[in-house]
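Presented below is the structure to which this report refers.
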Amino acid sequence: MLNQTSVTEFLLLGVTDIQELQPFLFVVFLAIYFANVSGNGAILMIAIFDPRLHSPMYFLLGNLSCLDICYSTVTLPKMLENFLSTHKAVSFSGCISQLHFFHFLGSTESMLLAVMAFDRFVAICKPLHYTVIMNHQLCTQMVVTVWIIGFFHALLHSIMTSYLNFCGSNHIHHFFCDVKPLLKLACGNTELNQWLLNTVTGTIAMGPFFLTLLSYFYIITYLFFRTHSCSMLHKALSTCASHIMVVILFYVPVLFTYIRPTTESSMDQDRIIAIMYSVVTPVLNPLIYTLRNKEVKGALGRVIRRNLT
């Protein structure tokens, strides 16, 4: 990545300028990060080592937990460091790397949620053919595909951003390096970068979102005409409730951030919204799946009992 610019590092202004809040926020976000790694790590471990959970649903859930750990790790450690540091700098290459992995993991998660919705569609609408359709080979191919697409989508942004000129301010009004704040600092024409953000990232976000909605539309339609019973419909959809909650928590703040045009006032809002989808949502996901899923709770119970005995 070549860069013709006078800027060699950026200063991350962080969540707040109030110095008195920095130690308190450090403790809060450190606790959130610990809960994220512990919760998602536990789900990842039981999905790998518990034979009763060796099914497509938990294979996908394990990938989601892995993504959530990595997703927060891209931003939170640097945020925690800056809470305790007076020099909140990140090198140019470090900034581009953070941008790359943030979009890599974020776009991969959006596509993985669509794959999980497809898994629920097959499980409910084609239960007799579920093991044939959602076989190990297909699940592996779908997961590998979304990871590869996510990587190259992020690579497009990181390469295009690295070729921009940054000849003015190096102060990023955010707690991590993202495309929108960097485009505000760039000198020269950024129309192509903005087009890529709106079109490519918009497609990566909206495409899986609509596929997820389509899957649940078919599920509801199938159950309604098949069961003719609201109670049976409710019972069947309750198995999808955890995934629906995760989809809402992930997509609402992401769509709100990247669909809106960038303005001075929106940058402060973007920082708050980014905390939601990059910090809060990953720590809520294991709680949602644990509290609403008897199999996951049972597997966790078996692991705890095994360790105590």
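The chains in the structure tokens are called A, B, ... from first to last as shown; in each chain the residues are counted from 1, and the ligands are counted from 1 in the order shown.
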I want to know what sits within 9 Å of Phe250 (chain A), based on only C-alpha atoms, with residues of the same chain fewer than 4 positions away left out; could you give that as a PDB file with all heavy atoms, in the first residue's frame?
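The result, stored in around.pdb:
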ATOM      1  N   GLU A 109     -19.696 -11.033   9.555  1.00  0.00           N
ATOM      2  CA  GLU A 109     -20.782 -11.319  10.490  1.00  0.00           C
ATOM      3  C   GLU A 109     -22.137 -11.051   9.862  1.00  0.00           C
ATOM      4  O   GLU A 109     -23.092 -11.814  10.088  1.00  0.00           O
ATOM      5  CB  GLU A 109     -20.613 -10.504  11.770  1.00  0.00           C
ATOM      6  CG  GLU A 109     -21.688 -10.787  12.805  1.00  0.00           C
ATOM      7  CD  GLU A 109     -21.314 -10.358  14.207  1.00  0.00           C
ATOM      8  OE1 GLU A 109     -20.107 -10.204  14.492  1.00  0.00           O
ATOM      9  OE2 GLU A 109     -22.224 -10.190  15.030  1.00  0.00           O
ATOM     10  N   SER A 110     -22.263  -9.992   9.078  1.00  0.00           N
ATOM     11  CA  SER A 110     -23.555  -9.699   8.457  1.00  0.00           C
ATOM     12  C   SER A 110     -23.965 -10.831   7.523  1.00  0.00           C
ATOM     13  O   SER A 110     -25.143 -11.227   7.482  1.00  0.00           O
ATOM     14  CB  SER A 110     -23.489  -8.370   7.689  1.00  0.00           C
ATOM     15  OG  SER A 110     -22.701  -8.478   6.524  1.00  0.00           O
ATOM     16  N   MET A 245     -33.244 -11.577  17.515  1.00  0.00           N
ATOM     17  CA  MET A 245     -32.748 -10.531  18.411  1.00  0.00           C
ATOM     18  C   MET A 245     -31.335 -10.110  18.040  1.00  0.00           C
ATOM     19  O   MET A 245     -31.003  -8.914  18.040  1.00  0.00           O
ATOM     20  CB  MET A 245     -32.804 -11.026  19.856  1.00  0.00           C
ATOM     21  CG  MET A 245     -34.213 -11.218  20.400  1.00  0.00           C
ATOM     22  SD  MET A 245     -34.234 -12.012  22.028  1.00  0.00           S
ATOM     23  CE  MET A 245     -33.436 -10.749  23.025  1.00  0.00           C
ATOM     24  N   VAL A 246     -30.476 -11.077  17.705  1.00  0.00           N
ATOM     25  CA  VAL A 246     -29.100 -10.771  17.313  1.00  0.00           C
ATOM     26  C   VAL A 246     -29.079  -9.969  16.020  1.00  0.00           C
ATOM     27  O   VAL A 246     -28.310  -9.004  15.879  1.00  0.00           O
ATOM     28  CB  VAL A 246     -28.281 -12.078  17.162  1.00  0.00           C
ATOM     29  CG1 VAL A 246     -26.939 -11.798  16.493  1.00  0.00           C
ATOM     30  CG2 VAL A 246     -28.065 -12.732  18.513  1.00  0.00           C
ATOM     31  N   VAL A 254     -25.821  -0.498  12.576  1.00  0.00           N
ATOM     32  CA  VAL A 254     -24.946  -0.478  11.402  1.00  0.00           C
ATOM     33  C   VAL A 254     -25.602   0.269  10.245  1.00  0.00           C
ATOM     34  O   VAL A 254     -24.984   1.128   9.612  1.00  0.00           O
ATOM     35  CB  VAL A 254     -24.585  -1.924  10.976  1.00  0.00           C
ATOM     36  CG1 VAL A 254     -23.926  -1.924   9.595  1.00  0.00           C
ATOM     37  CG2 VAL A 254     -23.645  -2.552  11.998  1.00  0.00           C
ATOM     38  N   LEU A 255     -26.860  -0.042   9.968  1.00  0.00           N
ATOM     39  CA  LEU A 255     -27.564   0.632   8.877  1.00  0.00           C
ATOM     40  C   LEU A 255     -27.732   2.116   9.167  1.00  0.00           C
ATOM     41  O   LEU A 255     -27.606   2.957   8.267  1.00  0.00           O
ATOM     42  CB  LEU A 255     -28.933  -0.027   8.654  1.00  0.00           C
ATOM     43  CG  LEU A 255     -28.909  -1.482   8.162  1.00  0.00           C
ATOM     44  CD1 LEU A 255     -30.324  -2.035   8.076  1.00  0.00           C
ATOM     45  CD2 LEU A 255     -28.218  -1.585   6.811  1.00  0.00           C
ATOM     46  N   MET A 276     -22.344   0.616  20.289  1.00  0.00           N
ATOM     47  CA  MET A 276     -23.423  -0.366  20.343  1.00  0.00           C
ATOM     48  C   MET A 276     -23.077  -1.608  19.546  1.00  0.00           C
ATOM     49  O   MET A 276     -23.133  -2.728  20.046  1.00  0.00           O
ATOM     50  CB  MET A 276     -24.717   0.266  19.815  1.00  0.00           C
ATOM     51  CG  MET A 276     -25.915  -0.663  19.825  1.00  0.00           C
ATOM     52  SD  MET A 276     -26.373  -1.178  21.495  1.00  0.00           S
ATOM     53  CE  MET A 276     -27.614  -2.414  21.105  1.00  0.00           C
ATOM     54  N   TYR A 277     -22.688  -1.423  18.259  1.00  0.00           N
ATOM     55  CA  TYR A 277     -22.506  -2.613  17.422  1.00  0.00           C
ATOM     56  C   TYR A 277     -21.112  -3.224  17.515  1.00  0.00           C
ATOM     57  O   TYR A 277     -20.925  -4.389  17.146  1.00  0.00           O
ATOM     58  CB  TYR A 277     -22.881  -2.338  15.958  1.00  0.00           C
ATOM     59  CG  TYR A 277     -22.030  -1.334  15.214  1.00  0.00           C
ATOM     60  CD1 TYR A 277     -20.770  -1.648  14.724  1.00  0.00           C
ATOM     61  CD2 TYR A 277     -22.520  -0.065  14.936  1.00  0.00           C
ATOM     62  CE1 TYR A 277     -20.022  -0.734  14.014  1.00  0.00           C
ATOM     63  CE2 TYR A 277     -21.786   0.860  14.223  1.00  0.00           C
ATOM     64  CZ  TYR A 277     -20.538   0.522  13.763  1.00  0.00           C
ATOM     65  OH  TYR A 277     -19.782   1.436  13.057  1.00  0.00           O
ATOM     66  N   SER A 278     -20.120  -2.495  18.028  1.00  0.00           N
ATOM     67  CA  SER A 278     -18.783  -3.070  18.128  1.00  0.00           C
ATOM     68  C   SER A 278     -18.408  -3.503  19.538  1.00  0.00           C
ATOM     69  O   SER A 278     -17.467  -4.280  19.716  1.00  0.00           O
ATOM     70  CB  SER A 278     -17.734  -2.060  17.624  1.00  0.00           C
ATOM     71  OG  SER A 278     -17.669  -0.933  18.477  1.00  0.00           O
ATOM     72  N   THR A 281     -23.158  -5.154  21.431  1.00  0.00           N
ATOM     73  CA  THR A 281     -23.802  -6.298  20.771  1.00  0.00           C
ATOM     74  C   THR A 281     -23.002  -7.589  20.908  1.00  0.00           C
ATOM     75  O   THR A 281     -23.580  -8.633  21.227  1.00  0.00           O
ATOM     76  CB  THR A 281     -24.057  -5.982  19.287  1.00  0.00           C
ATOM     77  OG1 THR A 281     -24.946  -4.866  19.192  1.00  0.00           O
ATOM     78  CG2 THR A 281     -24.673  -7.169  18.578  1.00  0.00           C
ATOM     79  N   PRO A 282     -21.674  -7.591  20.690  1.00  0.00           N
ATOM     80  CA  PRO A 282     -20.930  -8.851  20.847  1.00  0.00           C
ATOM     81  C   PRO A 282     -21.015  -9.461  22.243  1.00  0.00           C
ATOM     82  O   PRO A 282     -20.967 -10.693  22.374  1.00  0.00           O
ATOM     83  CB  PRO A 282     -19.479  -8.442  20.521  1.00  0.00           C
ATOM     84  CG  PRO A 282     -19.621  -7.273  19.618  1.00  0.00           C
ATOM     85  CD  PRO A 282     -20.815  -6.524  20.125  1.00  0.00           C
TER      86      PRO A 282
END
Worksheet entry | DSSP-assigned alpha helix (DSSP H) among region 15-129 of chain A, expressed as a PyMOL selection string | chain A and resi 22-49+56-83+92-125
Find the nearest atom pair between each residue of region 138-225 of chain A and region 67-76 of chain A for residues within 10 Å, count only C-alpha atoms, give distances in Å to one decimal, sort rows by chain and ascending number, and present the table as a tab-separated table.
residue	atom	partner	partner_atom	distance
A:Trp147	CA	A:Leu67	CA	9.9
A:Phe175	CA	A:Thr75	CA	7.6
A:Phe176	CA	A:Thr75	CA	6.0
A:Cys177	CA	A:Thr75	CA	8.6
Deliver the residues from the most recent selection as a file, using C-alpha atoms, as a JSON list (two decimals), in the first residue's frame.
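Produced file out20.json, reproduced below:
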[["chain", "number", "residue", "atom", "x", "y", "z"],
["A", 147, "TRP", "CA", -15.11, -15.20, 5.39],
["A", 175, "PHE", "CA", -12.26, 5.74, 19.06],
["A", 176, "PHE", "CA", -11.04, 3.62, 16.12],
["A", 177, "CYS", "CA", -10.07, 4.06, 12.47]]
Worksheet item: Hey, what does DSSP flag as strand (DSSP E or B) within region 8-207 of chain A? Can you give it to me as JSON, numbers by chain?
Response: {"A": [9, 10, 11, 12, 89, 90, 91, 165, 171, 172, 187]}
List the spatial neighbours of Met45 (chain A) as a PDB file with N, CA, C and O atoms, in the first residue's frame - criterion: any atom at most 12 Å away, only C-alpha atoms, same-chain residues fewer than 4 positions off excluded.
ATOM      1  N   VAL A  37     -15.213 -11.844  25.855  1.00  0.00           N
ATOM      2  CA  VAL A  37     -14.287 -12.952  25.593  1.00  0.00           C
ATOM      3  C   VAL A  37     -14.707 -14.201  26.358  1.00  0.00           C
ATOM      4  O   VAL A  37     -14.680 -15.314  25.823  1.00  0.00           O
ATOM      5  N   SER A  38     -15.130 -14.027  27.613  1.00  0.00           N
ATOM      6  CA  SER A  38     -15.535 -15.173  28.433  1.00  0.00           C
ATOM      7  C   SER A  38     -16.806 -15.828  27.877  1.00  0.00           C
ATOM      8  O   SER A  38     -16.860 -17.054  27.714  1.00  0.00           O
ATOM      9  N   GLY A  39     -17.833 -15.013  27.594  1.00  0.00           N
ATOM     10  CA  GLY A  39     -19.101 -15.547  27.120  1.00  0.00           C
ATOM     11  C   GLY A  39     -18.999 -16.200  25.756  1.00  0.00           C
ATOM     12  O   GLY A  39     -19.431 -17.350  25.563  1.00  0.00           O
ATOM     13  N   ASN A  40     -18.422 -15.483  24.819  1.00  0.00           N
ATOM     14  CA  ASN A  40     -18.284 -16.047  23.479  1.00  0.00           C
ATOM     15  C   ASN A  40     -17.276 -17.179  23.440  1.00  0.00           C
ATOM     16  O   ASN A  40     -17.442 -18.142  22.683  1.00  0.00           O
ATOM     17  N   GLY A  41     -16.244 -17.076  24.276  1.00  0.00           N
ATOM     18  CA  GLY A  41     -15.265 -18.167  24.359  1.00  0.00           C
ATOM     19  C   GLY A  41     -15.892 -19.446  24.883  1.00  0.00           C
ATOM     20  O   GLY A  41     -15.592 -20.549  24.411  1.00  0.00           O
ATOM     21  N   PHE A  49     -16.237 -28.846  21.516  1.00  0.00           N
ATOM     22  CA  PHE A  49     -15.905 -30.044  22.282  1.00  0.00           C
ATOM     23  C   PHE A  49     -17.106 -30.861  22.741  1.00  0.00           C
ATOM     24  O   PHE A  49     -16.930 -32.007  23.154  1.00  0.00           O
ATOM     25  N   ASP A  50     -18.327 -30.304  22.705  1.00  0.00           N
ATOM     26  CA  ASP A  50     -19.494 -31.083  23.127  1.00  0.00           C
ATOM     27  C   ASP A  50     -20.087 -31.809  21.921  1.00  0.00           C
ATOM     28  O   ASP A  50     -20.625 -31.172  21.024  1.00  0.00           O
ATOM     29  N   PRO A  51     -20.021 -33.158  21.897  1.00  0.00           N
ATOM     30  CA  PRO A  51     -20.527 -33.910  20.734  1.00  0.00           C
ATOM     31  C   PRO A  51     -22.011 -33.671  20.478  1.00  0.00           C
ATOM     32  O   PRO A  51     -22.466 -33.780  19.336  1.00  0.00           O
ATOM     33  N   LEU A  53     -23.557 -30.986  20.458  1.00  0.00           N
ATOM     34  CA  LEU A  53     -23.762 -29.724  19.737  1.00  0.00           C
ATOM     35  C   LEU A  53     -23.064 -29.712  18.377  1.00  0.00           C
ATOM     36  O   LEU A  53     -22.866 -28.646  17.794  1.00  0.00           O
ATOM     37  N   HIS A  54     -22.673 -30.888  17.897  1.00  0.00           N
ATOM     38  CA  HIS A  54     -22.033 -30.958  16.582  1.00  0.00           C
ATOM     39  C   HIS A  54     -23.105 -31.019  15.493  1.00  0.00           C
ATOM     40  O   HIS A  54     -23.353 -32.055  14.882  1.00  0.00           O
ATOM     41  N   TYR A  58     -25.047 -25.102  15.572  1.00  0.00           N
ATOM     42  CA  TYR A  58     -24.017 -24.746  16.552  1.00  0.00           C
ATOM     43  C   TYR A  58     -22.650 -24.554  15.902  1.00  0.00           C
ATOM     44  O   TYR A  58     -21.797 -23.855  16.450  1.00  0.00           O
ATOM     45  N   PHE A  59     -22.455 -25.141  14.730  1.00  0.00           N
ATOM     46  CA  PHE A  59     -21.258 -24.833  13.951  1.00  0.00           C
ATOM     47  C   PHE A  59     -21.281 -23.358  13.546  1.00  0.00           C
ATOM     48  O   PHE A  59     -20.266 -22.649  13.654  1.00  0.00           O
ATOM     49  N   LEU A  61     -23.097 -21.018  15.057  1.00  0.00           N
ATOM     50  CA  LEU A  61     -23.043 -20.230  16.291  1.00  0.00           C
ATOM     51  C   LEU A  61     -21.615 -20.099  16.795  1.00  0.00           C
ATOM     52  O   LEU A  61     -21.212 -19.043  17.290  1.00  0.00           O
ATOM     53  N   GLY A  62     -20.831 -21.164  16.646  1.00  0.00           N
ATOM     54  CA  GLY A  62     -19.420 -21.097  17.030  1.00  0.00           C
ATOM     55  C   GLY A  62     -18.658 -20.079  16.207  1.00  0.00           C
ATOM     56  O   GLY A  62     -17.806 -19.332  16.725  1.00  0.00           O
ATOM     57  N   ASN A  63     -18.958 -20.025  14.907  1.00  0.00           N
ATOM     58  CA  ASN A  63     -18.329 -19.023  14.049  1.00  0.00           C
ATOM     59  C   ASN A  63     -18.736 -17.615  14.453  1.00  0.00           C
ATOM     60  O   ASN A  63     -17.910 -16.691  14.433  1.00  0.00           O
ATOM     61  N   SER A  65     -19.551 -16.622  17.483  1.00  0.00           N
ATOM     62  CA  SER A  65     -18.837 -16.301  18.718  1.00  0.00           C
ATOM     63  C   SER A  65     -17.385 -15.935  18.436  1.00  0.00           C
ATOM     64  O   SER A  65     -16.846 -14.996  19.028  1.00  0.00           O
ATOM     65  N   CYS A  66     -16.761 -16.671  17.521  1.00  0.00           N
ATOM     66  CA  CYS A  66     -15.381 -16.349  17.134  1.00  0.00           C
ATOM     67  C   CYS A  66     -15.301 -14.954  16.524  1.00  0.00           C
ATOM     68  O   CYS A  66     -14.401 -14.168  16.847  1.00  0.00           O
ATOM     69  N   VAL A 296     -27.758 -25.121  24.847  1.00  0.00           N
ATOM     70  CA  VAL A 296     -26.537 -24.403  25.225  1.00  0.00           C
ATOM     71  C   VAL A 296     -26.400 -24.362  26.742  1.00  0.00           C
ATOM     72  O   VAL A 296     -25.313 -24.603  27.293  1.00  0.00           O
ATOM     73  N   ALA A 299     -25.313 -27.768  27.884  1.00  0.00           N
ATOM     74  CA  ALA A 299     -23.900 -28.018  27.588  1.00  0.00           C
ATOM     75  C   ALA A 299     -23.000 -27.265  28.560  1.00  0.00           C
ATOM     76  O   ALA A 299     -21.989 -27.806  29.039  1.00  0.00           O
ATOM     77  N   LEU A 300     -23.359 -26.013  28.869  1.00  0.00           N
ATOM     78  CA  LEU A 300     -22.584 -25.242  29.848  1.00  0.00           C
ATOM     79  C   LEU A 300     -22.635 -25.907  31.219  1.00  0.00           C
ATOM     80  O   LEU A 300     -21.629 -25.968  31.936  1.00  0.00           O
ATOM     81  N   VAL A 303     -20.312 -28.855  31.282  1.00  0.00           N
ATOM     82  CA  VAL A 303     -18.910 -28.431  31.364  1.00  0.00           C
ATOM     83  C   VAL A 303     -18.553 -28.016  32.792  1.00  0.00           C
ATOM     84  O   VAL A 303     -17.492 -28.376  33.313  1.00  0.00           O
TER      85      VAL A 303
END
With only C-alpha atoms counted and 6 Å as the cut-off, give the residues of region 76-133 of chain A in contact with region 10-25 of chain A, each with its shortest interatomic distance in Å and the pair that gives it, as JSON lines.
{"residue": "A:Phe83", "atom": "CA", "partner": "A:Gln22", "partner_atom": "CA", "distance": 5.2}
{"residue": "A:Lys88", "atom": "CA", "partner": "A:Leu11", "partner_atom": "CA", "distance": 5.4}
{"residue": "A:Ala89", "atom": "CA", "partner": "A:Leu11", "partner_atom": "CA", "distance": 4.4}
{"residue": "A:Val90", "atom": "CA", "partner": "A:Phe10", "partner_atom": "CA", "distance": 5.3}
Item to complete: Quote the spacing between CA of Ala42 (chain A) and CA of Val146 (chain A) in Å to one decimal place.
Response: 23.3 Å
Discussion item. Just checking: using only C-alpha atoms, which residue out of A:Glu191, A:Ala205, A:His174, A:Phe210 ends up closest to Ile272 (chain A)?
Written reply: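 Of all the options, A:His174 lies closest to Ile272 (chain A).
If you measure from each of A:Pro181, A:Gly94, A:Gly188, A:Gly150 to Phe166 (chain A) using only C-alpha atoms, the closest one turns out to be A:Gly188.
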Item to complete: Could you tell me which of A:Leu80, A:Ile133, A:Ile46, A:Val179 comes closest to Asp270 (chain A) if we count only C-alpha atoms?
Response: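 For Asp270 (chain A), the nearest of the given residues is A:Val179.
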Worksheet item: Using only C-alpha atoms, which of the listed residues (A:His87, A:Arg226, A:Lys184, A:His100) sits closest to Ser158 (chain A)?
Response: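 Of the candidates, the smallest distance to Ser158 (chain A) is held by A:His100.
One finds CA of His173 (chain A) at 8.1 Å from CA of Arg271 (chain A).
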Worksheet item: Any idea what the distance is between CA of Pro208 (chain A) and CA of Met111 (chain A)?
Response: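 Pair CA of Pro208 (chain A) / CA of Met111 (chain A) returns 5.3 Å.
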Worksheet item: Can you list, as a PyMOL selection string, every protein, DNA or RNA residue that comes within 8 Å of region 138-143 of chain A when you count only C-alpha atoms, leaving out same-chain residues fewer than 5 positions away?
Response: chain A and resi 56+60+112+115+133
Write the residues you've just listed into a file as a PDB file, in the first residue's frame, and include N, CA, C and O atoms for each of them.
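Result written to out-v5.pdb:
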ATOM      1  N   PRO A  56     -25.229 -28.279  12.366  1.00  0.00           N
ATOM      2  CA  PRO A  56     -25.017 -27.050  11.584  1.00  0.00           C
ATOM      3  C   PRO A  56     -25.310 -25.776  12.379  1.00  0.00           C
ATOM      4  O   PRO A  56     -24.570 -24.796  12.277  1.00  0.00           O
ATOM      5  N   LEU A  60     -22.435 -22.887  13.089  1.00  0.00           N
ATOM      6  CA  LEU A  60     -22.586 -21.472  12.716  1.00  0.00           C
ATOM      7  C   LEU A  60     -22.509 -20.572  13.941  1.00  0.00           C
ATOM      8  O   LEU A  60     -21.917 -19.488  13.894  1.00  0.00           O
ATOM      9  N   LEU A 112     -22.833 -13.980   7.712  1.00  0.00           N
ATOM     10  CA  LEU A 112     -23.037 -15.191   8.514  1.00  0.00           C
ATOM     11  C   LEU A 112     -24.435 -15.218   9.122  1.00  0.00           C
ATOM     12  O   LEU A 112     -25.063 -16.287   9.223  1.00  0.00           O
ATOM     13  N   VAL A 115     -26.689 -16.632   6.607  1.00  0.00           N
ATOM     14  CA  VAL A 115     -26.526 -18.090   6.526  1.00  0.00           C
ATOM     15  C   VAL A 115     -27.260 -18.772   7.678  1.00  0.00           C
ATOM     16  O   VAL A 115     -27.908 -19.815   7.494  1.00  0.00           O
ATOM     17  N   ILE A 133     -29.620 -31.498   3.261  1.00  0.00           N
ATOM     18  CA  ILE A 133     -29.306 -30.172   2.706  1.00  0.00           C
ATOM     19  C   ILE A 133     -28.177 -29.503   3.486  1.00  0.00           C
ATOM     20  O   ILE A 133     -27.177 -29.068   2.908  1.00  0.00           O
TER      21      ILE A 133
END
